[in-house]
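**Q** Quick one, input-v2.cif (mmCIF, C-alpha atoms and all ligand atoms):
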```cif
data_upload
loop_
_atom_site.label_atom_id
_atom_site.label_comp_id
_atom_site.auth_asym_id
_atom_site.auth_seq_id
_atom_site.Cartn_x
_atom_site.Cartn_y
_atom_site.Cartn_z
CA MET A 287 -5.78 28.10 57.50
CA THR A 288 -8.97 26.62 56.10
CA VAL A 289 -9.10 24.16 53.23
CA PRO A 290 -11.76 24.13 50.52
CA SER A 291 -14.86 22.06 51.40
CA PRO A 292 -16.02 19.11 49.36
CA ARG A 293 -19.50 19.25 47.80
CA PRO A 294 -22.24 19.62 50.46
CA VAL A 295 -23.47 16.02 49.90
CA PHE A 296 -20.26 14.83 51.55
CA ASP A 297 -21.69 15.81 54.93
CA ALA A 298 -24.33 13.12 54.40
CA ILE A 299 -21.93 10.36 53.35
CA PRO A 300 -21.30 7.73 56.02
CA GLY A 301 -17.69 6.51 56.07
CA TYR A 302 -17.35 2.84 55.09
CA LYS A 303 -16.62 0.72 58.15
CA ALA A 304 -14.51 -2.30 57.35
CA GLY A 305 -14.81 -5.51 59.39
CA ARG A 306 -12.81 -5.47 62.63
CA PRO A 307 -9.48 -7.30 62.42
CA ALA A 308 -9.01 -10.23 64.82
CA GLU A 309 -5.91 -11.18 66.79
CA HIS A 310 -5.55 -14.10 64.36
CA ASP A 311 -6.75 -13.91 60.75
CA GLU A 312 -8.51 -17.24 61.21
CA LEU A 313 -10.92 -15.69 63.73
CA LYS A 314 -11.73 -12.72 61.47
CA LEU A 315 -15.33 -13.52 60.55
CA SER A 316 -16.20 -9.86 60.02
CA SER A 317 -15.59 -9.22 56.30
CA ASN A 318 -17.11 -12.12 54.32
CA GLU A 319 -13.68 -13.10 53.10
CA ASN A 320 -12.79 -16.58 51.88
CA PRO A 321 -11.02 -18.38 54.75
CA PHE A 322 -8.83 -20.36 52.34
CA PRO A 323 -5.64 -18.96 50.82
CA PRO A 324 -5.60 -18.57 47.03
CA LEU A 325 -4.72 -21.69 45.01
CA PRO A 326 -0.97 -22.19 44.44
CA GLY A 327 -1.31 -21.98 40.63
CA VAL A 328 -3.14 -18.67 40.98
CA VAL A 329 -0.45 -17.22 43.24
CA GLU A 330 2.28 -18.33 40.79
CA ARG A 331 0.64 -16.66 37.82
CA ALA A 332 0.02 -13.47 39.77
CA ALA A 333 3.59 -13.47 41.10
CA ALA A 334 4.99 -13.83 37.58
CA GLU A 335 3.48 -10.42 36.79
CA LEU A 336 5.38 -8.77 39.64
CA ALA A 337 8.56 -8.75 37.56
CA ARG A 338 7.03 -6.16 35.23
CA ILE A 339 5.23 -3.79 37.59
CA ASN A 340 7.43 -0.97 36.30
CA ARG A 341 4.95 -1.00 33.38
CA TYR A 342 1.38 0.26 33.51
CA PRO A 343 -1.13 -2.56 33.30
CA ASP A 344 -3.19 -3.43 30.24
CA ALA A 345 -5.68 -0.54 30.25
CA GLY A 346 -8.33 -2.55 28.39
CA VAL A 347 -8.18 -5.52 30.79
CA ALA A 348 -8.36 -7.54 27.57
CA ARG A 349 -7.22 -10.95 28.88
CA LEU A 350 -9.80 -10.88 31.64
CA HIS A 351 -12.62 -9.73 29.36
CA ALA A 352 -11.69 -12.53 26.92
CA ALA A 353 -11.61 -15.14 29.69
CA LEU A 354 -14.96 -13.95 31.06
CA SER A 355 -16.40 -14.02 27.56
CA ARG A 356 -15.42 -17.71 27.22
CA HIS A 357 -16.58 -18.49 30.74
CA LEU A 358 -20.01 -16.82 30.57
CA SER A 359 -20.73 -16.97 26.82
CA ARG A 360 -21.10 -13.25 26.35
CA PRO A 361 -19.28 -10.95 23.91
CA GLU A 362 -16.12 -9.33 25.26
CA ASP A 363 -17.67 -5.88 25.06
CA ALA A 364 -20.39 -6.92 27.54
CA PHE A 365 -17.88 -6.67 30.42
CA ALA A 366 -16.45 -3.81 32.46
CA ALA A 367 -13.89 -4.73 35.12
CA GLY A 368 -12.77 -2.60 38.04
CA THR A 369 -11.00 -2.72 41.38
CA GLY A 370 -13.66 -4.85 42.99
CA SER A 371 -17.34 -4.89 42.09
CA VAL A 372 -17.82 -2.03 44.54
CA ALA A 373 -15.66 0.18 42.30
CA VAL A 374 -17.64 -0.96 39.26
CA LEU A 375 -20.83 0.09 41.05
CA PHE A 376 -19.34 3.52 41.84
CA SER A 377 -18.43 3.95 38.15
CA LEU A 378 -21.86 2.80 37.02
CA LEU A 379 -23.66 5.24 39.32
CA ASP A 380 -21.25 7.97 38.28
CA ALA A 381 -22.13 7.30 34.65
CA TYR A 382 -25.90 7.23 35.11
CA CYS A 383 -26.86 9.35 38.13
CA GLY A 384 -26.60 12.91 39.31
CA PRO A 385 -28.45 15.44 41.46
CA GLY A 386 -32.23 15.04 41.16
CA ASP A 387 -32.00 11.35 40.26
CA GLU A 388 -33.02 8.50 42.55
CA VAL A 389 -31.50 5.09 43.21
CA VAL A 390 -33.64 2.46 44.92
CA THR A 391 -32.19 -0.31 47.07
CA ALA A 392 -33.48 -2.54 49.83
CA TRP A 393 -32.35 -1.74 53.35
CA ARG A 394 -30.62 -3.14 55.24
CA SER A 395 -28.30 -4.14 52.44
CA PHE A 396 -24.66 -3.68 51.42
CA GLU A 397 -23.11 -0.82 53.41
CA ALA A 398 -21.39 0.70 50.37
CA TYR A 399 -24.66 1.44 48.55
CA PRO A 400 -25.48 4.67 50.45
CA ILE A 401 -21.95 5.93 49.87
CA ALA A 402 -21.88 5.08 46.17
CA VAL A 403 -25.26 6.70 45.58
CA THR A 404 -24.81 9.82 47.70
CA VAL A 405 -21.42 10.69 46.24
CA THR A 406 -23.09 11.18 42.84
CA GLY A 407 -25.51 13.73 44.30
CA ALA A 408 -28.46 11.40 43.63
CA THR A 409 -30.98 10.48 46.33
CA HIS A 410 -30.83 7.04 47.94
CA VAL A 411 -34.36 5.64 48.30
CA THR A 412 -34.33 2.76 50.76
CA VAL A 413 -37.07 0.14 51.02
CA PRO A 414 -37.16 -1.90 54.25
CA LEU A 415 -36.63 -5.64 53.99
CA ARG A 416 -39.61 -7.86 54.80
CA ALA A 417 -39.82 -9.34 58.30
CA ASP A 418 -38.11 -12.49 56.98
CA HIS A 419 -35.07 -10.37 55.96
CA THR A 420 -35.77 -10.69 52.21
CA HIS A 421 -36.21 -7.99 49.56
CA ASP A 422 -39.74 -6.58 49.31
CA LEU A 423 -39.83 -6.30 45.53
CA ASP A 424 -43.44 -5.06 45.44
CA ALA A 425 -42.51 -2.17 47.72
CA MET A 426 -39.37 -1.53 45.68
CA ALA A 427 -41.44 -1.38 42.47
CA ALA A 428 -43.79 1.06 44.19
CA ALA A 429 -40.80 3.23 45.15
CA VAL A 430 -39.77 3.70 41.51
CA THR A 431 -40.65 7.16 40.16
CA ASP A 432 -39.84 9.00 36.97
CA ARG A 433 -36.66 10.17 38.71
CA THR A 434 -35.40 6.62 39.32
CA ARG A 435 -32.35 5.80 37.22
CA VAL A 436 -31.10 2.65 38.94
CA VAL A 437 -32.49 -0.09 41.19
CA VAL A 438 -30.01 -2.37 42.96
CA VAL A 439 -31.10 -5.87 43.97
CA CYS A 440 -28.59 -7.65 46.20
CA THR A 441 -29.00 -11.43 46.01
CA PRO A 442 -28.00 -13.09 48.28
CA ASN A 443 -28.49 -10.01 50.41
CA ASN A 444 -25.57 -8.72 52.43
CA PRO A 445 -25.80 -8.82 55.46
CA THR A 446 -28.98 -10.89 55.95
CA GLY A 447 -28.26 -13.83 53.61
CA PRO A 448 -31.46 -14.82 51.76
CA VAL A 449 -31.78 -14.73 47.98
CA VAL A 450 -34.42 -13.08 45.84
CA ARG A 451 -36.52 -15.71 44.03
CA HIS A 452 -36.06 -15.89 40.26
CA ASP A 453 -39.77 -15.74 39.44
CA GLU A 454 -40.21 -12.67 41.68
CA LEU A 455 -37.26 -10.87 40.14
CA GLU A 456 -38.43 -11.70 36.63
CA ARG A 457 -41.87 -10.21 37.34
CA PHE A 458 -40.25 -7.17 38.95
CA VAL A 459 -37.97 -6.49 35.98
CA ALA A 460 -40.73 -7.04 33.43
CA ALA A 461 -42.92 -4.46 35.19
CA LEU A 462 -40.24 -1.73 35.34
CA PRO A 463 -39.79 0.87 32.62
CA SER A 464 -36.81 -0.05 30.41
CA SER A 465 -35.29 3.35 31.21
CA VAL A 466 -34.47 2.11 34.72
CA LEU A 467 -31.26 0.12 35.06
CA VAL A 468 -31.56 -2.94 37.29
CA VAL A 469 -28.31 -3.96 38.92
CA VAL A 470 -28.36 -7.54 40.19
CA ASP A 471 -25.51 -7.66 42.68
CA GLU A 472 -24.38 -11.28 42.74
CA ALA A 473 -21.24 -10.94 44.85
CA TYR A 474 -22.06 -14.25 46.58
CA VAL A 475 -23.68 -16.17 43.72
CA GLU A 476 -21.20 -19.07 43.76
CA PHE A 477 -22.42 -20.05 47.25
CA VAL A 478 -26.09 -20.26 46.22
CA ARG A 479 -27.67 -23.72 46.37
CA ASP A 480 -31.37 -22.75 46.32
CA PRO A 481 -32.79 -23.83 42.93
CA ASP A 482 -35.41 -21.05 43.06
CA ALA A 483 -32.79 -18.31 43.47
CA ALA A 484 -32.60 -15.44 40.99
CA ARG A 485 -30.36 -16.04 37.99
CA GLY A 486 -29.19 -12.58 37.07
CA LEU A 487 -27.47 -13.65 33.88
CA ASP A 488 -30.66 -15.22 32.49
CA LEU A 489 -32.50 -11.96 33.04
CA GLN A 490 -29.59 -9.94 31.66
CA ALA A 491 -29.80 -11.98 28.44
CA ARG A 492 -33.47 -11.07 28.07
CA PHE A 493 -33.63 -7.48 29.34
CA ASP A 494 -31.18 -4.85 28.05
CA ASN A 495 -31.66 -2.74 31.19
CA VAL A 496 -30.47 -5.54 33.51
CA LEU A 497 -26.83 -5.90 34.44
CA VAL A 498 -25.06 -8.25 36.81
CA LEU A 499 -22.25 -7.40 39.21
CA ARG A 500 -19.82 -10.15 40.17
CA THR A 501 -16.54 -10.33 42.05
CA PHE A 502 -13.38 -12.36 42.49
CA SER A 503 -13.24 -11.31 46.16
CA LYS A 504 -15.52 -13.91 47.71
CA ALA A 505 -15.69 -17.42 46.23
CA TYR A 506 -12.44 -16.90 44.29
CA GLY A 507 -10.57 -15.73 47.37
CA LEU A 508 -8.91 -12.67 45.79
CA ALA A 509 -10.34 -9.92 48.02
CA GLY A 510 -6.91 -8.38 48.55
CA LEU A 511 -6.21 -8.01 44.84
CA ARG A 512 -9.37 -6.02 44.07
CA VAL A 513 -11.06 -7.23 40.93
CA GLY A 514 -14.75 -7.40 40.05
CA TYR A 515 -16.84 -6.80 36.94
CA LEU A 516 -20.23 -6.20 35.42
CA VAL A 517 -21.94 -8.08 32.64
CA GLY A 518 -24.43 -5.97 30.75
CA HIS A 519 -25.53 -4.46 27.47
CA PRO A 520 -22.42 -3.38 25.54
CA ASP A 521 -23.52 0.29 25.69
CA VAL A 522 -23.84 0.12 29.48
CA ALA A 523 -20.50 -1.67 29.79
CA ALA A 524 -18.88 0.96 27.54
CA ALA A 525 -20.23 3.81 29.69
CA VAL A 526 -18.90 2.14 32.83
CA ARG A 527 -15.48 1.54 31.26
CA LYS A 528 -15.35 5.27 30.41
CA ALA A 529 -16.22 6.21 34.01
CA THR A 530 -13.53 3.89 35.44
CA PRO A 531 -10.15 5.48 36.22
CA PRO A 532 -7.53 4.30 33.70
CA PHE A 533 -5.28 1.39 34.70
CA SER A 534 -7.48 0.44 37.64
CA VAL A 535 -7.04 -3.32 37.43
CA SER A 536 -3.38 -4.29 37.82
CA ASP A 537 -1.85 -6.99 35.65
CA VAL A 538 -1.18 -8.92 38.88
CA ALA A 539 -4.91 -8.89 39.66
CA GLN A 540 -5.82 -9.64 36.06
CA ALA A 541 -3.47 -12.67 35.94
CA ALA A 542 -4.88 -14.01 39.22
CA ALA A 543 -8.46 -13.57 38.03
CA VAL A 544 -7.79 -15.32 34.70
CA ALA A 545 -5.91 -18.14 36.49
CA SER A 546 -8.87 -18.49 38.88
CA LEU A 547 -11.28 -18.88 35.99
CA ASP A 548 -8.97 -21.63 34.67
CA ALA A 549 -9.15 -23.36 38.06
CA VAL A 550 -12.91 -23.29 38.61
CA ASP A 551 -13.09 -26.99 39.49
CA GLU A 552 -10.52 -26.72 42.28
CA LEU A 553 -12.17 -23.55 43.53
CA ALA A 554 -15.58 -25.23 43.48
CA GLU A 555 -14.32 -27.74 46.08
CA ARG A 556 -13.44 -24.88 48.41
CA VAL A 557 -16.77 -23.20 47.79
CA ASP A 558 -18.47 -26.50 48.70
CA GLU A 559 -16.54 -26.53 51.97
CA VAL A 560 -17.75 -23.03 52.76
CA VAL A 561 -21.32 -24.07 51.93
CA GLN A 562 -20.95 -27.02 54.31
CA GLY A 563 -19.59 -24.71 56.99
CA ARG A 564 -22.58 -22.43 56.46
CA GLY A 565 -24.92 -25.38 57.00
CA LEU A 566 -23.15 -26.30 60.25
CA LEU A 567 -23.28 -22.72 61.51
CA LEU A 568 -26.98 -22.39 60.64
CA GLU A 569 -27.80 -25.71 62.28
CA GLY A 570 -25.60 -25.14 65.32
CA LEU A 571 -26.85 -21.63 66.01
CA ARG A 572 -30.50 -22.61 65.57
CA ALA A 573 -30.02 -25.61 67.86
CA GLN A 574 -28.71 -23.20 70.50
CA GLY A 575 -31.91 -21.15 70.17
CA TRP A 576 -30.76 -18.30 67.92
CA THR A 577 -33.12 -17.07 65.22
CA VAL A 578 -31.16 -17.24 61.97
CA PRO A 579 -32.71 -16.56 58.55
CA ASP A 580 -31.75 -18.79 55.63
CA SER A 581 -28.42 -17.84 54.10
CA GLN A 582 -27.26 -18.63 50.59
CA ALA A 583 -24.05 -16.64 51.02
CA ASN A 584 -20.78 -17.17 52.90
CA PHE A 585 -22.13 -15.62 56.08
CA VAL A 586 -25.07 -15.95 58.46
CA TRP A 587 -27.15 -13.26 60.11
CA LEU A 588 -28.19 -13.03 63.73
CA PRO A 589 -30.93 -10.40 63.98
CA SER A 590 -30.57 -8.54 67.28
CA ASP A 591 -31.35 -5.17 68.86
CA GLN A 592 -27.94 -5.46 70.50
CA GLY A 593 -25.56 -6.01 67.59
CA PRO A 594 -22.56 -4.12 69.04
CA GLN A 595 -22.91 -5.79 72.46
CA LEU A 596 -23.11 -9.22 70.82
CA ALA A 597 -20.00 -8.52 68.78
CA GLU A 598 -18.14 -7.65 72.01
CA ALA A 599 -19.43 -10.81 73.66
CA PHE A 600 -18.23 -12.98 70.74
CA TRP A 601 -14.67 -11.60 70.88
CA PRO A 602 -11.97 -12.96 70.23
CA VAL A 603 -14.03 -14.07 67.22
CA ALA A 604 -14.43 -10.89 65.17
CA VAL A 605 -17.92 -10.52 63.70
CA ARG A 606 -19.68 -7.58 62.10
CA PRO A 607 -22.13 -5.64 64.27
CA PHE A 608 -24.95 -3.54 62.85
CA PRO A 609 -26.49 -1.23 65.44
CA GLY A 610 -30.20 -0.52 65.72
CA ALA A 611 -33.42 -2.42 66.25
CA VAL A 612 -34.05 -5.66 64.38
CA ALA A 613 -36.76 -3.92 62.35
CA ASP A 614 -34.16 -1.37 61.21
CA GLY A 615 -31.63 -4.04 60.27
CA GLY A 616 -29.86 -4.43 63.59
CA GLY A 617 -27.87 -7.58 64.23
CA VAL A 618 -24.59 -9.35 63.76
CA ARG A 619 -23.16 -10.87 60.61
CA VAL A 620 -20.87 -13.85 60.93
CA SER A 621 -18.78 -14.97 57.95
CA VAL A 622 -18.23 -18.68 57.46
CA GLY A 623 -14.65 -19.50 58.42
CA THR A 624 -12.50 -22.59 58.74
CA THR A 625 -13.97 -25.54 60.65
CA SER A 626 -12.13 -24.55 63.82
CA ALA A 627 -13.20 -20.90 63.54
CA ASN A 628 -16.82 -21.98 63.01
CA GLU A 629 -16.58 -24.22 66.09
CA ARG A 630 -15.12 -21.36 68.08
CA LEU A 631 -17.99 -19.13 66.98
CA LEU A 632 -20.54 -21.73 68.07
CA ASP A 633 -18.75 -21.96 71.39
CA VAL A 634 -18.78 -18.19 72.10
CA ALA A 635 -22.41 -17.97 70.94
CA ALA A 636 -23.46 -20.79 73.31
CA ARG A 637 -21.52 -19.26 76.21
CA HIS A 638 -23.22 -15.95 75.61
CA LEU A 639 -26.66 -17.53 75.82
CA THR A 640 -25.91 -19.45 78.97
CA GLY A 641 -24.08 -16.52 80.55
CA ARG A 642 -20.90 -18.57 81.13
C1 LIG A 701 -23.25 -7.30 48.04
C2 LIG A 701 -21.85 -6.93 47.77
N1 LIG A 701 -21.54 -6.39 46.59
C3 LIG A 701 -20.30 -6.04 46.29
C4 LIG A 701 -19.28 -6.24 47.20
C5 LIG A 701 -17.94 -5.74 46.83
O1 LIG A 701 -16.99 -6.67 46.66
P1 LIG A 701 -15.64 -6.30 45.96
O2 LIG A 701 -15.56 -4.82 45.80
O3 LIG A 701 -14.58 -6.84 46.84
O4 LIG A 701 -15.70 -6.97 44.61
C6 LIG A 701 -19.54 -6.78 48.44
C7 LIG A 701 -18.46 -6.94 49.43
O5 LIG A 701 -18.62 -7.12 50.58
C8 LIG A 701 -20.87 -7.14 48.73
O6 LIG A 701 -21.20 -7.65 49.92
#
```
Do you think you could lay out the structure here as structure tokens?
**A**
Amino acid sequence: MTVPSPRPVFDAIPGYKAGRPAEHDELKLSSNENPFPPLPGVVERAAAELARINRYPDAGVARLHAALSRHLSRPEDAFAAGTGSVAVLFSLLDAYCGPGDEVVTAWRSFEAYPIAVTVTGATHVTVPLRADHTHDLDAMAAAVTDRTRVVVVCTPNNPTGPVVRHDELERFVAALPSSVLVVVDEAYVEFVRDPDAARGLDLQARFDNVLVLRTFSKAYGLAGLRVGYLVGHPDVAAAVRKATPPFSVSDVAQAAAVASLDAVDELAERVDEVVQGRGLLLEGLRAQGWTVPDSQANFVWLPSDQGPQLAEAFWPVAVRPFPGAVADGGGVRVSVGTTSANERLLDVAARHLTGR
């Protein structure tokens, strides 16, 4: 018996490959997760919601929108939350793109972009990163046509790590037609320490066609609960809320996200630890002779034509391989882990170089 086929574009959709699990969670440096467990107060407030999971969650995600409004000084209707910022991006593209439309992103960039674009029937226009692994905004501007509906700028860029500079992004946005939505994907923004880095929210306040994607999965350590959001013009946020399946964000996730916003100071200490770990990884790997571009995220990038072989060589530390030549975005991405996991990574990387 045959089953009906999905739309033809599905043949072109790559399946999303999640980071490889490790024998011990601590050595799983393949998914850009936060190595620290959630804060006790956050777990308590999430757990309190478990007693009423016989009820559907709050469909309007009102407590989270209100907390974000206080936190980021935007009206509540400027937000649209979903099950991770990746789901928000899917809803956004669903709302704005269809067959015949184009979506421009840098490449290599976040692996979910080609899936999220292609599933809408739109065409994914990819613009190679510059040799220093940063976005080539001039080339991205040149790739915009009258069919372009959305441009996604990932800063810091996953998997390579560098940020887009604020002045460059400002010029880029100012030069684009206002009919093109610019998504500034700031999944890793809390780890940024470069004062020249793009500030998506500043641009969003000035340009109605700019919106910012953020997540509780990385710095806030809630990847398993699935909650992320966009900040944008209220009309854009309303369209995305419409495109989002009802009851997506559970009350458990909502409670944890709100509690995390209440605990930003405690969380900031953990983020600082990750930033320190990033510095040690960058320094250690460079001292061993690896070429590593700057990273402002919670991971570092080792460009290599032999990504999959390197990932095998680094085992039992699980890292994320990207096949292909360096010029095509080949390499290995290593998430910052605990101090002992980072040391272990440095150890396997050194052994690989010396052939021991
Ligand atoms: C650039 C970027 N955007 C968005 C996401 C999605 O995060 P989440 O769906 O967990 O919020 C990720 C996750 O890896 C990412 O790297």
**Q** So that each row is one residue of chain A with an atom at most 9 Å from ligand LIG 701 (chain A), can you give its shortest atom pair and the distance in Å to one decimal, using all atoms listed in the file, rows by chain and rising number, as a Markdown table?
**A**
```
| residue | atom | partner | partner_atom | distance |
| --- | --- | --- | --- | --- |
| A:Ser317 | CA | A:LIG701 | O5 | 6.8 |
| A:Asn318 | CA | A:LIG701 | O5 | 6.4 |
| A:Glu319 | CA | A:LIG701 | O5 | 8.2 |
| A:Gly368 | CA | A:LIG701 | O4 | 8.4 |
| A:Thr369 | CA | A:LIG701 | O2 | 6.7 |
| A:Gly370 | CA | A:LIG701 | O4 | 3.4 |
| A:Ser371 | CA | A:LIG701 | O4 | 3.7 |
| A:Val372 | CA | A:LIG701 | O2 | 3.8 |
| A:Ala373 | CA | A:LIG701 | O2 | 6.1 |
| A:Val374 | CA | A:LIG701 | O2 | 7.9 |
| A:Leu375 | CA | A:LIG701 | C3 | 8.1 |
| A:Ser395 | CA | A:LIG701 | C1 | 7.4 |
| A:Phe396 | CA | A:LIG701 | C1 | 5.1 |
| A:Glu397 | CA | A:LIG701 | O6 | 7.9 |
| A:Ala398 | CA | A:LIG701 | C4 | 7.9 |
| A:Tyr399 | CA | A:LIG701 | N1 | 8.7 |
| A:Val439 | CA | A:LIG701 | C1 | 9.0 |
| A:Cys440 | CA | A:LIG701 | C1 | 5.7 |
| A:Thr441 | CA | A:LIG701 | C1 | 7.4 |
| A:Pro442 | CA | A:LIG701 | C1 | 7.5 |
| A:Asn443 | CA | A:LIG701 | C1 | 6.4 |
| A:Asn444 | CA | A:LIG701 | O6 | 5.2 |
| A:Pro445 | CA | A:LIG701 | O6 | 7.3 |
| A:Asp471 | CA | A:LIG701 | N1 | 5.7 |
| A:Glu472 | CA | A:LIG701 | C1 | 6.7 |
| A:Ala473 | CA | A:LIG701 | N1 | 4.9 |
| A:Tyr474 | CA | A:LIG701 | C1 | 7.2 |
| A:Leu499 | CA | A:LIG701 | C3 | 7.5 |
| A:Arg500 | CA | A:LIG701 | O4 | 6.8 |
| A:Thr501 | CA | A:LIG701 | O4 | 4.3 |
| A:Phe502 | CA | A:LIG701 | O4 | 6.2 |
| A:Ser503 | CA | A:LIG701 | O3 | 4.7 |
| A:Lys504 | CA | A:LIG701 | O3 | 7.2 |
| A:Leu508 | CA | A:LIG701 | O3 | 8.2 |
| A:Ala509 | CA | A:LIG701 | O3 | 5.4 |
| A:Gly510 | CA | A:LIG701 | O3 | 8.0 |
| A:Leu511 | CA | A:LIG701 | O3 | 8.7 |
| A:Arg512 | CA | A:LIG701 | O3 | 6.0 |
| A:Val513 | CA | A:LIG701 | O4 | 5.9 |
| A:Gly514 | CA | A:LIG701 | O4 | 4.7 |
| A:Tyr515 | CA | A:LIG701 | O4 | 7.8 |
```
**Q** Could you list, as an mmCIF file with C-alpha atoms, in the coordinates of the input, every residue within 6 Å of range 564-580 of chain A, counting all atoms listed in the file and ignoring same-chain residues fewer than 3 positions away?
**A**
```cif
data_model
loop_
_atom_site.group_PDB
_atom_site.id
_atom_site.type_symbol
_atom_site.label_atom_id
_atom_site.label_comp_id
_atom_site.auth_asym_id
_atom_site.auth_seq_id
_atom_site.Cartn_x
_atom_site.Cartn_y
_atom_site.Cartn_z
ATOM 1 C CA PRO A 448 -31.460 -14.820 51.760
ATOM 2 C CA VAL A 561 -21.320 -24.070 51.930
ATOM 3 C CA TRP A 587 -27.150 -13.260 60.110
ATOM 4 C CA LEU A 588 -28.190 -13.030 63.730
ATOM 5 C CA VAL A 622 -18.230 -18.680 57.460
#
```
**Q** Between CA of Glu598 in chain A and CA of Lys303 in chain A, what distance in Å does the model show, to one decimal?
**A**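 About the pair CA of Glu598 in chain A and CA of Lys303 in chain A: they are 16.3 Å apart.
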**Q** Any chance you could tabulate, as CSV, the residues of range 386-416 of chain A at most 10 Å from range 611-618 of chain A with each one's nearest atom pair and distance in Å to one decimal, using all atoms listed in the file, in chain and rising number order?
**A**
```
residue,atom,partner,partner_atom,distance
A:Trp393,CA,A:Gly615,CA,7.3
A:Arg394,CA,A:Gly615,CA,5.2
A:Ser395,CA,A:Gly615,CA,8.5
A:Pro414,CA,A:Asp614,CA,7.6
A:Leu415,CA,A:Gly615,CA,8.2
A:Arg416,CA,A:Ala613,CA,9.0
```
**Q** Which residues are near Ala334 in chain A? Cut-off 12 Å, all atoms listed in the file, ignore same chain within fewer than 2 positions. Put them as a PyMOL selection string.
**A** chain A and resi 327-332+336-339+537-542+545
**Q** Have a look at A:Ala460, A:Ala428, A:Val496, A:Ala583 and name the one nearest to Ala483 in chain A; count all atoms listed in the file.
**A**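 Residue with the minimum atom-to-atom distance to Ala483 in chain A: A:Ala583.
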**Q** Could you tell me how far CA of Ala461 in chain A lies from CA of Val430 in chain A, in Å and to one decimal?
**A**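 Pair CA of Ala461 in chain A / CA of Val430 in chain A returns 10.8 Å.
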**Q** Pick from A:Asp432, A:Asp480, A:Asp363, A:Asp424: nearest to Ala523 in chain A, with all atoms listed in the file counted?
**A**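 Comparing A:Asp432, A:Asp480, A:Asp363, A:Asp424 against Ala523 in chain A, the winner is A:Asp363.
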**Q** In Å, how far is it from CA of Gly447 in chain A to CA of Ser377 in chain A?
**A**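 Going from CA of Gly447 in chain A over to CA of Ser377 in chain A covers 25.5 Å.
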**Q** Between A:Val438, A:Ala402, A:Val468, A:Ala333, which residue has the minimum interatomic distance to Leu489 in chain A, considering all atoms listed in the file?
**A**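 Ranked by minimum distance to Leu489 in chain A, first place goes to A:Val468.
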**Q** Place N, CA and C atoms on range 409-420 of chain A and deliver the coordinates as a compact mmCIF listing (two decimals), in the frame of the given file.
**A**
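Result saved to selection13.txt:
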```txt
# COMPACT_ATOMS: atom_id res chain seq x y z
N THR A 409 -30.31 10.80 45.06
CA THR A 409 -30.98 10.48 46.33
C THR A 409 -31.10 8.97 46.48
N HIS A 410 -30.73 8.47 47.65
CA HIS A 410 -30.83 7.04 47.94
C HIS A 410 -32.20 6.76 48.53
N VAL A 411 -33.02 6.01 47.81
CA VAL A 411 -34.36 5.64 48.30
C VAL A 411 -34.26 4.22 48.85
N THR A 412 -34.49 4.08 50.15
CA THR A 412 -34.33 2.76 50.76
C THR A 412 -35.69 2.14 51.07
N VAL A 413 -35.81 0.86 50.79
CA VAL A 413 -37.07 0.14 51.02
C VAL A 413 -36.79 -0.97 52.04
N PRO A 414 -37.47 -0.92 53.20
CA PRO A 414 -37.16 -1.90 54.25
C PRO A 414 -37.34 -3.34 53.76
N LEU A 415 -36.47 -4.20 54.25
CA LEU A 415 -36.63 -5.64 53.99
C LEU A 415 -37.92 -6.11 54.62
N ARG A 416 -38.44 -7.27 54.15
CA ARG A 416 -39.61 -7.86 54.80
C ARG A 416 -39.16 -8.44 56.15
N ALA A 417 -40.15 -8.84 56.96
CA ALA A 417 -39.82 -9.34 58.30
C ALA A 417 -38.92 -10.59 58.23
N ASP A 418 -38.98 -11.31 57.09
CA ASP A 418 -38.11 -12.49 56.98
C ASP A 418 -36.73 -12.15 56.39
N HIS A 419 -36.40 -10.85 56.38
CA HIS A 419 -35.07 -10.37 55.96
C HIS A 419 -34.83 -10.51 54.46
N THR A 420 -35.91 -10.61 53.66
CA THR A 420 -35.77 -10.69 52.21
C THR A 420 -36.20 -9.37 51.57
```
